[in-house]
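Coordinates from upload-v9.csv are shown below (CSV, C-alpha atoms).
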```csv
chain,number,residue,atom,x,y,z
A,968,MET,CA,52.4,35.5,-23.0
A,969,PRO,CA,55.6,33.5,-22.6
A,970,VAL,CA,55.5,30.0,-24.2
A,971,GLY,CA,54.4,27.5,-21.5
A,972,SER,CA,52.6,30.0,-19.3
A,973,SER,CA,49.3,29.3,-17.7
A,974,GLN,CA,46.1,30.9,-19.1
A,975,ARG,CA,44.7,31.1,-15.6
A,976,LEU,CA,44.7,34.3,-13.5
A,977,SER,CA,46.3,34.3,-10.1
A,978,ALA,CA,44.5,34.1,-6.7
A,979,ALA,CA,45.8,37.6,-6.0
A,980,PHE,CA,43.9,38.9,-9.1
A,981,TYR,CA,40.7,37.5,-7.8
A,982,ARG,CA,41.2,38.7,-4.2
A,983,THR,CA,41.8,42.2,-5.5
A,984,LEU,CA,38.8,42.0,-7.8
A,985,GLN,CA,36.5,40.8,-5.1
A,986,ASP,CA,37.7,43.4,-2.6
A,987,ASP,CA,37.1,46.1,-5.2
A,988,LEU,CA,33.6,44.8,-5.8
A,989,ARG,CA,32.9,44.7,-2.1
A,990,ALA,CA,33.7,48.4,-2.0
A,991,GLU,CA,31.2,49.0,-4.8
A,992,LEU,CA,28.6,47.0,-3.0
A,993,ASP,CA,29.1,49.0,0.2
A,994,ARG,CA,28.7,52.3,-1.8
A,995,ALA,CA,25.5,50.9,-3.3
A,996,GLY,CA,24.1,50.1,0.1
A,997,LEU,CA,24.1,46.3,-0.5
A,998,ASP,CA,25.2,43.6,1.9
A,999,ALA,CA,26.1,41.1,-0.8
A,1000,VAL,CA,25.5,40.2,-4.5
A,1001,LEU,CA,24.3,36.9,-5.9
A,1002,ALA,CA,25.5,36.0,-9.4
A,1003,ASP,CA,24.5,32.9,-11.3
A,1004,HIS,CA,25.5,33.7,-14.9
A,1005,ALA,CA,28.4,31.5,-16.0
A,1006,ASP,CA,30.5,34.5,-17.1
A,1007,ASP,CA,29.9,36.3,-13.8
A,1008,VAL,CA,30.8,33.2,-11.9
A,1009,ALA,CA,34.1,32.9,-13.9
A,1010,TYR,CA,34.8,36.6,-13.5
A,1011,LEU,CA,34.4,36.6,-9.7
A,1012,THR,CA,36.0,33.3,-8.8
A,1013,GLY,CA,38.0,31.9,-11.8
A,1014,PHE,CA,35.6,28.9,-12.0
A,1015,PHE,CA,34.7,28.1,-15.6
A,1016,HIS,CA,31.9,25.6,-16.3
A,1017,HIS,CA,29.3,24.6,-18.8
A,1018,PRO,CA,26.0,25.8,-17.5
A,1019,GLY,CA,23.1,23.4,-17.4
A,1020,GLU,CA,20.1,22.7,-15.2
A,1021,ARG,CA,22.2,22.4,-12.0
A,1022,PRO,CA,22.5,25.9,-10.4
A,1023,VAL,CA,25.9,27.4,-9.9
A,1024,ALA,CA,26.1,30.7,-8.1
A,1025,VAL,CA,28.4,33.0,-6.2
A,1026,LEU,CA,27.4,34.9,-3.1
A,1027,LEU,CA,29.9,37.7,-2.5
A,1028,GLY,CA,29.4,39.6,0.8
A,1029,VAL,CA,30.8,43.0,2.0
A,1030,ASP,CA,31.8,41.1,5.2
A,1031,GLY,CA,34.6,39.4,3.3
A,1032,THR,CA,32.7,36.2,2.5
A,1033,SER,CA,32.8,34.5,-1.0
A,1034,ARG,CA,30.7,31.4,-1.4
A,1035,LEU,CA,30.4,29.3,-4.5
A,1036,LEU,CA,27.3,27.1,-4.7
A,1037,LEU,CA,27.7,24.2,-7.0
A,1038,PRO,CA,26.7,20.5,-7.4
A,1039,GLU,CA,29.0,18.1,-5.7
A,1040,LEU,CA,29.9,16.6,-9.1
A,1041,GLU,CA,31.6,19.9,-9.9
A,1042,ARG,CA,33.6,20.2,-6.6
A,1043,GLU,CA,36.8,18.6,-7.9
A,1044,HIS,CA,36.5,20.6,-11.1
A,1045,ALA,CA,36.4,23.9,-9.1
A,1046,GLN,CA,39.2,22.8,-6.9
A,1047,ALA,CA,41.3,21.9,-9.9
A,1048,GLN,CA,40.8,25.5,-11.2
A,1049,HIS,CA,41.7,27.0,-7.8
A,1050,ALA,CA,38.4,28.8,-7.6
A,1051,LEU,CA,38.7,31.6,-5.1
A,1052,ALA,CA,35.6,31.0,-2.9
A,1053,ASP,CA,34.4,28.7,-0.2
A,1054,LEU,CA,32.7,25.8,-2.0
A,1055,VAL,CA,29.1,24.9,-0.9
A,1056,GLY,CA,28.0,21.7,-2.6
A,1057,TYR,CA,24.6,20.2,-3.0
A,1058,PRO,CA,23.9,16.5,-3.8
A,1059,GLU,CA,22.0,16.6,-7.1
A,1060,PHE,CA,19.3,18.5,-9.0
A,1061,PRO,CA,16.4,18.7,-8.4
A,1062,GLY,CA,17.1,16.8,-5.2
A,1063,LEU,CA,15.1,16.5,-2.0
A,1064,ARG,CA,16.0,20.1,-1.1
A,1065,PRO,CA,16.2,23.2,-3.4
A,1066,PRO,CA,19.9,23.8,-4.2
A,1067,LEU,CA,19.9,27.5,-3.2
A,1068,THR,CA,18.8,26.7,0.3
A,1069,TYR,CA,22.3,25.3,0.9
A,1070,LEU,CA,23.5,28.9,1.0
A,1071,ALA,CA,20.9,29.9,3.6
A,1072,PRO,CA,20.4,31.7,5.9
A,1073,VAL,CA,20.9,34.9,3.9
A,1074,THR,CA,19.7,38.2,5.2
A,1075,GLY,CA,20.1,41.9,4.4
A,1076,ARG,CA,20.0,43.7,1.0
A,1077,ILE,CA,21.2,41.3,-1.7
A,1078,GLY,CA,21.9,42.4,-5.2
A,1079,TYR,CA,21.2,40.3,-8.2
A,1080,ALA,CA,22.0,40.8,-11.9
A,1081,GLY,CA,19.4,41.5,-14.6
A,1082,SER,CA,20.6,38.4,-16.4
A,1083,MET,CA,19.0,36.2,-13.7
A,1084,THR,CA,15.9,34.4,-15.0
A,1085,VAL,CA,12.5,34.9,-13.6
A,1086,SER,CA,12.3,31.3,-12.4
A,1087,ARG,CA,15.7,31.5,-10.7
A,1088,LEU,CA,14.7,34.8,-9.0
A,1089,ASP,CA,11.6,33.0,-7.6
A,1090,GLU,CA,13.9,30.3,-6.3
A,1091,VAL,CA,16.1,32.9,-4.6
A,1092,ARG,CA,13.1,34.5,-3.0
A,1093,ALA,CA,12.0,31.2,-1.6
A,1094,ALA,CA,15.5,30.3,-0.4
A,1095,PHE,CA,16.2,33.7,1.3
A,1096,PRO,CA,12.8,34.8,2.7
A,1097,ALA,CA,14.5,37.2,5.2
A,1098,ALA,CA,16.5,39.0,2.5
A,1099,THR,CA,15.6,42.1,0.5
A,1100,LEU,CA,16.5,41.5,-3.2
A,1101,VAL,CA,17.6,44.4,-5.2
A,1102,ARG,CA,18.5,44.4,-8.9
A,1103,THR,CA,22.0,45.8,-9.5
A,1104,ASP,CA,24.4,46.2,-12.4
A,1105,VAL,CA,27.5,46.4,-10.1
A,1106,ILE,CA,29.1,43.3,-11.7
A,1107,ALA,CA,28.3,44.4,-15.2
A,1108,ARG,CA,29.9,47.8,-14.5
A,1109,ALA,CA,33.0,46.2,-13.1
A,1110,ARG,CA,33.3,44.0,-16.2
A,1111,LEU,CA,33.3,47.0,-18.6
A,1112,ARG,CA,36.8,48.0,-17.8
A,1113,LYS,CA,39.4,45.3,-18.2
A,1114,ARG,CA,42.3,44.9,-15.7
A,1115,PRO,CA,45.9,44.7,-17.0
A,1116,GLU,CA,46.0,40.9,-16.4
A,1117,GLU,CA,42.9,40.5,-18.5
A,1118,ILE,CA,44.2,42.8,-21.3
A,1119,ALA,CA,47.3,40.5,-21.6
A,1120,LEU,CA,45.0,37.6,-22.2
A,1121,HIS,CA,43.0,39.5,-24.8
A,1122,ALA,CA,46.3,40.4,-26.5
A,1123,GLU,CA,47.3,36.8,-26.8
A,1124,ALA,CA,43.9,35.8,-28.1
A,1125,ALA,CA,44.4,38.5,-30.8
A,1126,ARG,CA,47.8,37.0,-31.8
A,1127,ILE,CA,46.2,33.6,-32.2
A,1128,THR,CA,43.3,35.1,-34.1
A,1129,ASP,CA,45.7,36.7,-36.6
A,1130,LEU,CA,47.4,33.3,-37.0
A,1131,MET,CA,44.0,31.7,-37.8
A,1132,LEU,CA,43.2,34.4,-40.4
A,1133,ALA,CA,46.5,33.7,-42.1
A,1134,ALA,CA,46.0,29.9,-41.9
A,1135,GLY,CA,42.6,30.3,-43.6
A,1136,ARG,CA,44.0,32.3,-46.4
A,1137,ALA,CA,46.9,29.9,-46.8
A,1138,LEU,CA,44.5,26.9,-47.1
A,1139,VAL,CA,42.8,28.7,-50.0
A,1140,GLU,CA,46.1,29.6,-51.7
A,1141,GLU,CA,47.3,26.0,-51.4
A,1142,ALA,CA,44.2,24.8,-53.1
A,1143,VAL,CA,44.6,27.4,-55.9
A,1144,ALA,CA,48.3,26.3,-56.4
A,1145,ALA,CA,47.3,22.7,-56.5
A,1146,GLY,CA,44.8,23.4,-59.3
A,1147,GLY,CA,42.0,21.3,-57.6
A,1148,GLU,CA,38.7,22.3,-56.1
A,1149,LEU,CA,38.6,25.1,-53.6
A,1150,PRO,CA,37.7,24.4,-49.9
A,1151,SER,CA,34.2,24.6,-48.7
A,1152,GLU,CA,33.0,27.0,-46.0
A,1153,ALA,CA,32.8,24.1,-43.5
A,1154,GLU,CA,36.3,22.8,-44.4
A,1155,LEU,CA,37.8,26.3,-43.9
A,1156,ALA,CA,36.0,26.7,-40.6
A,1157,ARG,CA,37.3,23.3,-39.3
A,1158,HIS,CA,40.8,24.2,-40.4
A,1159,VAL,CA,41.1,27.6,-38.8
A,1160,GLY,CA,39.5,26.3,-35.5
A,1161,ALA,CA,42.0,23.5,-35.4
A,1162,VAL,CA,44.9,25.9,-35.9
A,1163,GLY,CA,43.7,28.1,-33.1
A,1164,ALA,CA,43.2,25.3,-30.6
A,1165,ALA,CA,46.4,23.5,-31.5
A,1166,THR,CA,48.4,26.7,-31.1
A,1167,MET,CA,47.0,27.2,-27.5
A,1168,TYR,CA,47.7,23.6,-26.4
A,1169,ALA,CA,51.2,23.7,-27.9
A,1170,GLU,CA,52.2,27.0,-26.4
A,1171,HIS,CA,50.2,27.4,-23.2
A,1172,SER,CA,49.7,25.3,-20.0
A,1173,ASP,CA,46.4,24.9,-18.2
A,1174,VAL,CA,44.2,26.0,-21.2
A,1175,VAL,CA,40.9,27.5,-20.0
A,1176,VAL,CA,38.3,25.7,-22.0
A,1177,VAL,CA,35.2,27.8,-23.0
A,1178,SER,CA,32.8,27.6,-25.9
A,1179,PRO,CA,33.9,28.4,-28.5
A,1180,LEU,CA,37.6,28.0,-27.8
A,1181,ALA,CA,38.7,28.9,-31.3
A,1182,GLY,CA,36.8,29.2,-34.6
A,1183,GLY,CA,34.1,31.3,-36.1
A,1184,LEU,CA,31.9,31.9,-39.1
A,1185,VAL,CA,33.1,31.3,-42.7
A,1186,TYR,CA,30.9,32.2,-45.7
A,1187,ALA,CA,31.5,32.8,-49.4
A,1188,GLY,CA,29.7,34.4,-52.3
A,1189,ALA,CA,26.0,35.2,-51.8
A,1190,ASN,CA,26.1,33.4,-48.4
A,1191,SER,CA,28.3,36.2,-47.0
A,1192,ALA,CA,25.4,38.6,-47.5
A,1193,ARG,CA,23.8,37.1,-44.4
A,1194,PRO,CA,25.8,38.5,-41.5
A,1195,HIS,CA,25.5,35.5,-39.2
A,1196,ALA,CA,25.2,32.7,-41.7
A,1197,LEU,CA,26.7,29.4,-40.5
A,1198,PRO,CA,29.4,27.5,-42.5
A,1199,SER,CA,28.0,25.2,-45.1
A,1200,GLY,CA,29.2,22.8,-47.8
A,1201,TYR,CA,29.3,25.6,-50.3
A,1202,ARG,CA,32.7,25.7,-52.1
A,1203,LEU,CA,34.6,28.9,-52.7
A,1204,ARG,CA,34.5,30.1,-56.3
A,1205,PRO,CA,36.8,32.3,-58.4
A,1206,GLY,CA,35.6,35.9,-58.7
A,1207,GLU,CA,33.6,35.8,-55.4
A,1208,VAL,CA,34.4,37.2,-52.0
A,1209,PHE,CA,34.7,35.1,-48.9
A,1210,MET,CA,34.7,36.2,-45.3
A,1211,LEU,CA,36.6,34.8,-42.3
A,1212,SER,CA,34.8,35.9,-39.1
A,1213,LEU,CA,37.1,34.4,-36.5
A,1214,GLY,CA,38.1,34.6,-32.9
A,1215,CYS,CA,39.3,32.7,-29.9
A,1216,ALA,CA,39.4,32.9,-26.1
A,1217,VAL,CA,42.6,32.8,-24.0
A,1218,GLY,CA,42.0,32.5,-20.3
A,1219,GLY,CA,38.3,32.9,-21.1
A,1220,ARG,CA,38.9,36.3,-22.6
A,1221,PHE,CA,37.6,36.7,-26.2
A,1222,VAL,CA,38.9,38.5,-29.3
A,1223,GLU,CA,37.5,38.6,-32.8
A,1224,GLY,CA,39.1,39.5,-36.1
A,1225,GLU,CA,37.4,39.5,-39.4
A,1226,ARG,CA,38.5,40.0,-42.9
A,1227,THR,CA,36.8,39.8,-46.3
A,1228,PHE,CA,38.9,38.3,-49.1
A,1229,VAL,CA,38.5,38.5,-52.9
A,1230,LEU,CA,39.2,35.5,-55.1
A,1231,GLY,CA,41.0,37.0,-58.1
A,1232,GLU,CA,41.3,40.5,-59.5
A,1233,PRO,CA,38.5,42.7,-57.9
A,1234,THR,CA,35.9,44.2,-60.1
A,1235,ALA,CA,35.1,47.9,-59.9
A,1236,GLU,CA,32.0,47.0,-57.9
A,1237,GLN,CA,33.9,44.9,-55.4
A,1238,ARG,CA,36.5,47.7,-55.0
A,1239,ARG,CA,33.7,50.2,-54.3
A,1240,TYR,CA,32.1,48.0,-51.7
A,1241,TYR,CA,35.4,47.1,-50.0
A,1242,GLU,CA,36.8,50.6,-49.8
A,1243,ALA,CA,33.6,52.0,-48.3
A,1244,VAL,CA,33.8,49.5,-45.5
A,1245,ARG,CA,37.6,49.9,-45.0
A,1246,GLN,CA,37.2,53.7,-44.7
A,1247,ALA,CA,34.3,53.3,-42.3
A,1248,GLN,CA,36.3,50.9,-40.2
A,1249,GLN,CA,39.3,53.3,-40.1
A,1250,THR,CA,37.1,56.3,-39.2
A,1251,GLY,CA,35.3,54.2,-36.6
A,1252,GLY,CA,38.5,53.2,-35.0
A,1253,GLU,CA,39.8,56.8,-35.0
A,1254,ALA,CA,36.6,58.0,-33.3
A,1255,LEU,CA,37.0,55.7,-30.3
A,1256,ARG,CA,38.2,57.7,-27.3
A,1257,PRO,CA,37.4,58.1,-23.6
A,1258,GLY,CA,34.3,60.2,-22.9
A,1259,LEU,CA,32.7,59.7,-26.3
A,1260,PRO,CA,29.2,58.2,-26.1
A,1261,CYS,CA,29.1,54.8,-27.9
A,1262,ALA,CA,26.3,56.1,-30.1
A,1263,ARG,CA,28.5,58.9,-31.4
A,1264,ALA,CA,31.2,56.5,-32.4
A,1265,ASN,CA,28.7,54.4,-34.2
A,1266,GLN,CA,27.4,57.4,-36.1
A,1267,ALA,CA,30.8,58.5,-37.2
A,1268,CYS,CA,31.6,55.0,-38.4
A,1269,LEU,CA,28.4,54.3,-40.3
A,1270,ASP,CA,28.1,57.8,-41.8
A,1271,VAL,CA,31.0,56.9,-44.1
A,1272,ILE,CA,29.0,54.1,-45.6
A,1273,ARG,CA,25.9,56.3,-45.9
A,1274,ALA,CA,28.0,59.0,-47.6
A,1275,ALA,CA,29.1,56.4,-50.1
A,1276,GLY,CA,25.5,55.8,-51.1
A,1277,LEU,CA,25.4,52.3,-49.6
A,1278,ALA,CA,23.1,52.9,-46.6
A,1279,GLY,CA,20.6,50.4,-48.0
A,1280,TYR,CA,23.1,47.6,-47.4
A,1281,LEU,CA,23.7,48.3,-43.7
A,1282,ARG,CA,22.4,45.6,-41.4
A,1283,HIS,CA,24.0,46.3,-38.1
A,1284,ARG,CA,25.9,48.6,-35.7
A,1285,GLN,CA,29.6,49.5,-35.6
A,1286,GLY,CA,30.3,47.0,-32.8
A,1287,HIS,CA,30.0,45.7,-29.3
A,1288,GLY,CA,32.0,45.1,-26.1
A,1289,ILE,CA,34.1,42.0,-25.7
A,1290,GLY,CA,35.4,40.2,-22.6
A,1291,LEU,CA,34.3,37.0,-21.0
A,1292,GLY,CA,31.5,37.1,-23.6
A,1293,MET,CA,32.1,37.5,-27.3
A,1294,HIS,CA,29.2,40.0,-27.3
A,1295,GLU,CA,28.7,42.1,-24.1
A,1296,PRO,CA,28.2,45.8,-23.2
A,1297,PRO,CA,28.9,48.4,-24.2
A,1298,TRP,CA,27.2,48.6,-27.6
A,1299,LEU,CA,28.6,50.8,-30.3
A,1300,SER,CA,25.1,51.5,-31.5
A,1301,ASP,CA,22.3,54.0,-31.7
A,1302,GLY,CA,20.6,54.0,-28.3
A,1303,ASP,CA,23.7,53.4,-26.2
A,1304,ASP,CA,25.0,56.6,-24.8
A,1305,THR,CA,27.5,54.9,-22.4
A,1306,PRO,CA,30.7,57.0,-22.4
A,1307,LEU,CA,33.7,55.0,-23.6
A,1308,GLU,CA,36.4,54.5,-20.9
A,1309,ALA,CA,40.0,53.5,-21.0
A,1310,GLY,CA,40.2,49.8,-20.4
A,1311,MET,CA,37.1,48.9,-22.4
A,1312,ILE,CA,37.5,46.5,-25.3
A,1313,VAL,CA,35.1,46.8,-28.2
A,1314,SER,CA,34.8,45.4,-31.7
A,1315,ASN,CA,35.1,47.8,-34.6
A,1316,GLU,CA,33.2,45.9,-37.4
A,1317,PRO,CA,31.2,47.9,-39.9
A,1318,GLY,CA,29.8,45.9,-42.8
A,1319,ILE,CA,27.6,46.0,-45.8
A,1320,TYR,CA,25.6,43.1,-47.3
A,1321,VAL,CA,24.5,43.0,-50.9
A,1322,PRO,CA,21.8,40.3,-51.5
A,1323,GLY,CA,22.7,37.9,-54.2
A,1324,HIS,CA,26.3,39.2,-54.4
A,1325,GLY,CA,28.1,39.1,-51.0
A,1326,GLY,CA,29.0,40.7,-47.8
A,1327,TYR,CA,32.0,42.9,-46.8
A,1328,ARG,CA,33.0,43.3,-43.2
A,1329,ILE,CA,36.3,44.2,-41.5
A,1330,SER,CA,36.6,43.7,-37.7
A,1331,ASP,CA,39.3,44.4,-35.2
A,1332,SER,CA,39.0,44.1,-31.4
A,1333,MET,CA,40.2,47.4,-30.0
A,1334,LEU,CA,41.4,48.6,-26.6
A,1335,VAL,CA,40.2,52.0,-25.5
A,1336,THR,CA,43.3,53.9,-24.2
A,1337,GLU,CA,43.7,57.1,-22.3
A,1338,ASP,CA,44.0,59.1,-25.5
A,1339,GLY,CA,42.2,57.0,-28.2
A,1340,ALA,CA,42.1,53.3,-29.1
A,1341,ARG,CA,44.3,50.7,-30.6
A,1342,PRO,CA,43.6,47.4,-32.3
A,1343,PHE,CA,44.6,44.1,-30.8
A,1344,THR,CA,44.3,42.2,-34.1
A,1345,ALA,CA,46.8,43.2,-36.8
A,1346,TYR,CA,46.0,41.3,-39.9
A,1347,PRO,CA,46.4,43.7,-42.9
A,1348,ARG,CA,43.2,45.6,-44.0
A,1349,SER,CA,44.0,47.1,-47.4
A,1350,LEU,CA,42.3,45.7,-50.5
A,1351,ASP,CA,45.6,44.6,-52.0
A,1352,ASP,CA,46.3,42.6,-48.8
A,1353,VAL,CA,43.1,40.6,-49.1
A,1354,VAL,CA,43.2,39.7,-52.7
A,1355,VAL,CA,43.9,36.0,-53.3
A,1356,ALA,CA,45.6,35.7,-56.7
A,1357,LEU,CA,44.4,33.0,-59.1
```
What do you get writing this file as structure tokens?
Amino acid sequence: MPVGSSQRLSAAFYRTLQDDLRAELDRAGLDAVLADHADDVAYLTGFFHHPGERPVAVLLGVDGTSRLLLPELEREHAQAQHALADLVGYPEFPGLRPPLTYLAPVTGRIGYAGSMTVSRLDEVRAAFPAATLVRTDVIARARLRKRPEEIALHAEAARITDLMLAAGRALVEEAVAAGGELPSEAELARHVGAVGAATMYAEHSDVVVVSPLAGGLVYAGANSARPHALPSGYRLRPGEVFMLSLGCAVGGRFVEGERTFVLGEPTAEQRRYYEAVRQAQQTGGEALRPGLPCARANQACLDVIRAAGLAGYLRHRQGHGIGLGMHEPPWLSDGDDTPLEAGMIVSNEPGIYVPGHGGYRISDSMLVTEDGARPFTAYPRSLDDVVVAL
């Protein structure tokens, strides 16, 4: 993205997206779709918000209508974001009248996503008694393949994620050079998050604020053997590994990049663990191609670790889809036979976790192309590149 450019997608992007979705609704025999998940709302209209108890929902009809239900206190927020929909406000929640009734009357066959809660579905039934409600994955299917404008946002998020990884390593190297105590996990996490956010605000206009905007998980030593451990006050120690599991969102589109570092000359054990994961990640990336079922890619990736005799240290799948959510379909995992398609973005992040010792994980966000896949994130992956000299 050019310096100073806006993170927001154009009205033309949302018009085309909505028209394409209307065509899918028509093919599915639906008159409209109702979406209330915050990511779906953002995807369809460009309106990003922090979800709470006040309902926000989009009703997109094949007749060309696009209506965004929201509390009146969010109206100016939606207008400032140039949300592409007719705004339908309600005074307050719970209010004297159920919020969804402000969209009524609604008739015909109305699709809804499986992410809708049971209680919200009951509210929809009560608000639209003349409608036939049909569960549909039409929005989820549309979100699987990213459009060129979205891919450009993911690419920029990857560039910033690489800067964050470099900044995290640099902070550790500065502490080593100074001869003082090494940073804690929490200090590292704060630093890299600040670098990511500051880069966006310095280089972009109209930053799309989502949670998290920039940051991630940082853990060291035995703490890193717990895949989703939260940063603590534990200080890095010579001879141990530490992991920077980072990411950010540009225009609401996420990327993750993760590297495992070694503080000092690696032991034979550390070399064995790291190389097994690096080879698995390379194999997993090479396996990604259109038409291949997700489960097959996962098997090819994790079989490398199994062949190395380290199956007992596996804790998770190869990866997952990334988009408006940090974790979203498809799943590079046993049990997901979704064929990969060009335009999908997935994480490639095999890892092993040795209790009492540490964890080893390498992750790149990858774009599936017409003939394979390529990583967005580019921070080096070889063992020599992740050794922090003492």
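Look at Ala979 of chain A: the protein and nucleic acid residues within 12 Å of it, using all atoms listed in the file and passing over chain neighbours fewer than 3 places away, are Arg975, Leu976, Arg982, Thr983, Leu984, Gln985, Asp986, Thr1012, Gly1013, His1049, Ala1050, Leu1051 and Glu1116 of chain A.
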Excluding segment 1062-1074 of chain A and residues on its chain fewer than 4 positions from it, collect all residues at most 7 Å away from it, counting all atoms listed in the file, and give them as a PDB file with C-alpha atoms, keeping the file's coordinate frame.
```pdb
ATOM      1  CA  TYR A1057      24.600  20.200  -3.000  1.00  0.00           C
ATOM      2  CA  PRO A1058      23.900  16.500  -3.800  1.00  0.00           C
ATOM      3  CA  VAL A1091      16.100  32.900  -4.600  1.00  0.00           C
ATOM      4  CA  ALA A1094      15.500  30.300  -0.400  1.00  0.00           C
ATOM      5  CA  PHE A1095      16.200  33.700   1.300  1.00  0.00           C
ATOM      6  CA  ALA A1097      14.500  37.200   5.200  1.00  0.00           C
ATOM      7  CA  ALA A1098      16.500  39.000   2.500  1.00  0.00           C
TER       8      ALA A1098
END
```
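Restricting the calculation to only C-alpha atoms, the smallest distance between Arg1263 of chain A and any of A:Ala1169, A:Leu1026, A:Ala1153, A:Leu1307 is found for A:Leu1307.
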Nearest to Arg1087 of chain A, chosen from A:Val1023, A:Ala1045, A:Ala1125, A:Leu1132, with all atoms listed in the file counted in the distances: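 Among A:Val1023, A:Ala1045, A:Ala1125, A:Leu1132, it is A:Val1023 that comes nearest to Arg1087 of chain A.
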Which residues of segment 1042-1094 of chain A come within 7 Å of segment 997-1006 of chain A, and what is each one's closest atom pair and distance in Å (one decimal), counting only C-alpha atoms, sorted by chain and residue number, as CSV?
```
residue,atom,partner,partner_atom,distance
A:Gly1075,CA,A:Asp998,CA,5.9
A:Arg1076,CA,A:Leu997,CA,5.1
A:Ile1077,CA,A:Ala999,CA,5.0
A:Gly1078,CA,A:Val1000,CA,4.3
A:Tyr1079,CA,A:Leu1001,CA,5.1
A:Ala1080,CA,A:Ala1002,CA,6.4
A:Ser1082,CA,A:His1004,CA,7.0
A:Met1083,CA,A:Asp1003,CA,6.8
```
Go ahead and save the residues from that selection, with C-alpha atoms, as a compact mmCIF listing (two decimals), keeping the file's coordinate frame.
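Just written: again.txt:
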```
# COMPACT_ATOMS: atom_id res chain seq x y z
CA GLY A 1075 20.10 41.90 4.40
CA ARG A 1076 20.00 43.70 1.00
CA ILE A 1077 21.20 41.30 -1.70
CA GLY A 1078 21.90 42.40 -5.20
CA TYR A 1079 21.20 40.30 -8.20
CA ALA A 1080 22.00 40.80 -11.90
CA SER A 1082 20.60 38.40 -16.40
CA MET A 1083 19.00 36.20 -13.70
```
Best match for closeness to Ile1106 of chain A among A:Ala1356, A:Leu1281, A:Leu1027, A:Ile1127, counting only C-alpha atoms: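 Smallest distance to Ile1106 of chain A is found for A:Leu1027.
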Selected residue, from A:Ala1181, A:Ala1047, A:Leu992, A:Val1176, that lies nearest to Gly1028 of chain A when counting all atoms listed in the file: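 With all atoms listed in the file as the atom set, the closest residue is A:Leu992.
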One-decimal distance in Å that lies between atom CA of Arg1114 of chain A and atom CA of Glu1316 of chain A: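 Taking atom CA of Glu1316 of chain A as the start and atom CA of Arg1114 of chain A as the end point, the length is 23.6 Å.
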Contacts of Ala1274 of chain A within 12 Å, only C-alpha atoms, excl. fewer than 4 positions in-chain, as JSON, numbers by chain: {"A": [1243, 1244, 1246, 1247, 1266, 1267, 1268, 1269, 1270, 1278, 1279]}
Pick from A:Gly1286, A:Pro1038, A:Pro1260, A:Gly1218, whichever lies nearest to Asp1173 of chain A using all atoms listed in the file: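 For Asp1173 of chain A, the nearest of the candidates is A:Gly1218.
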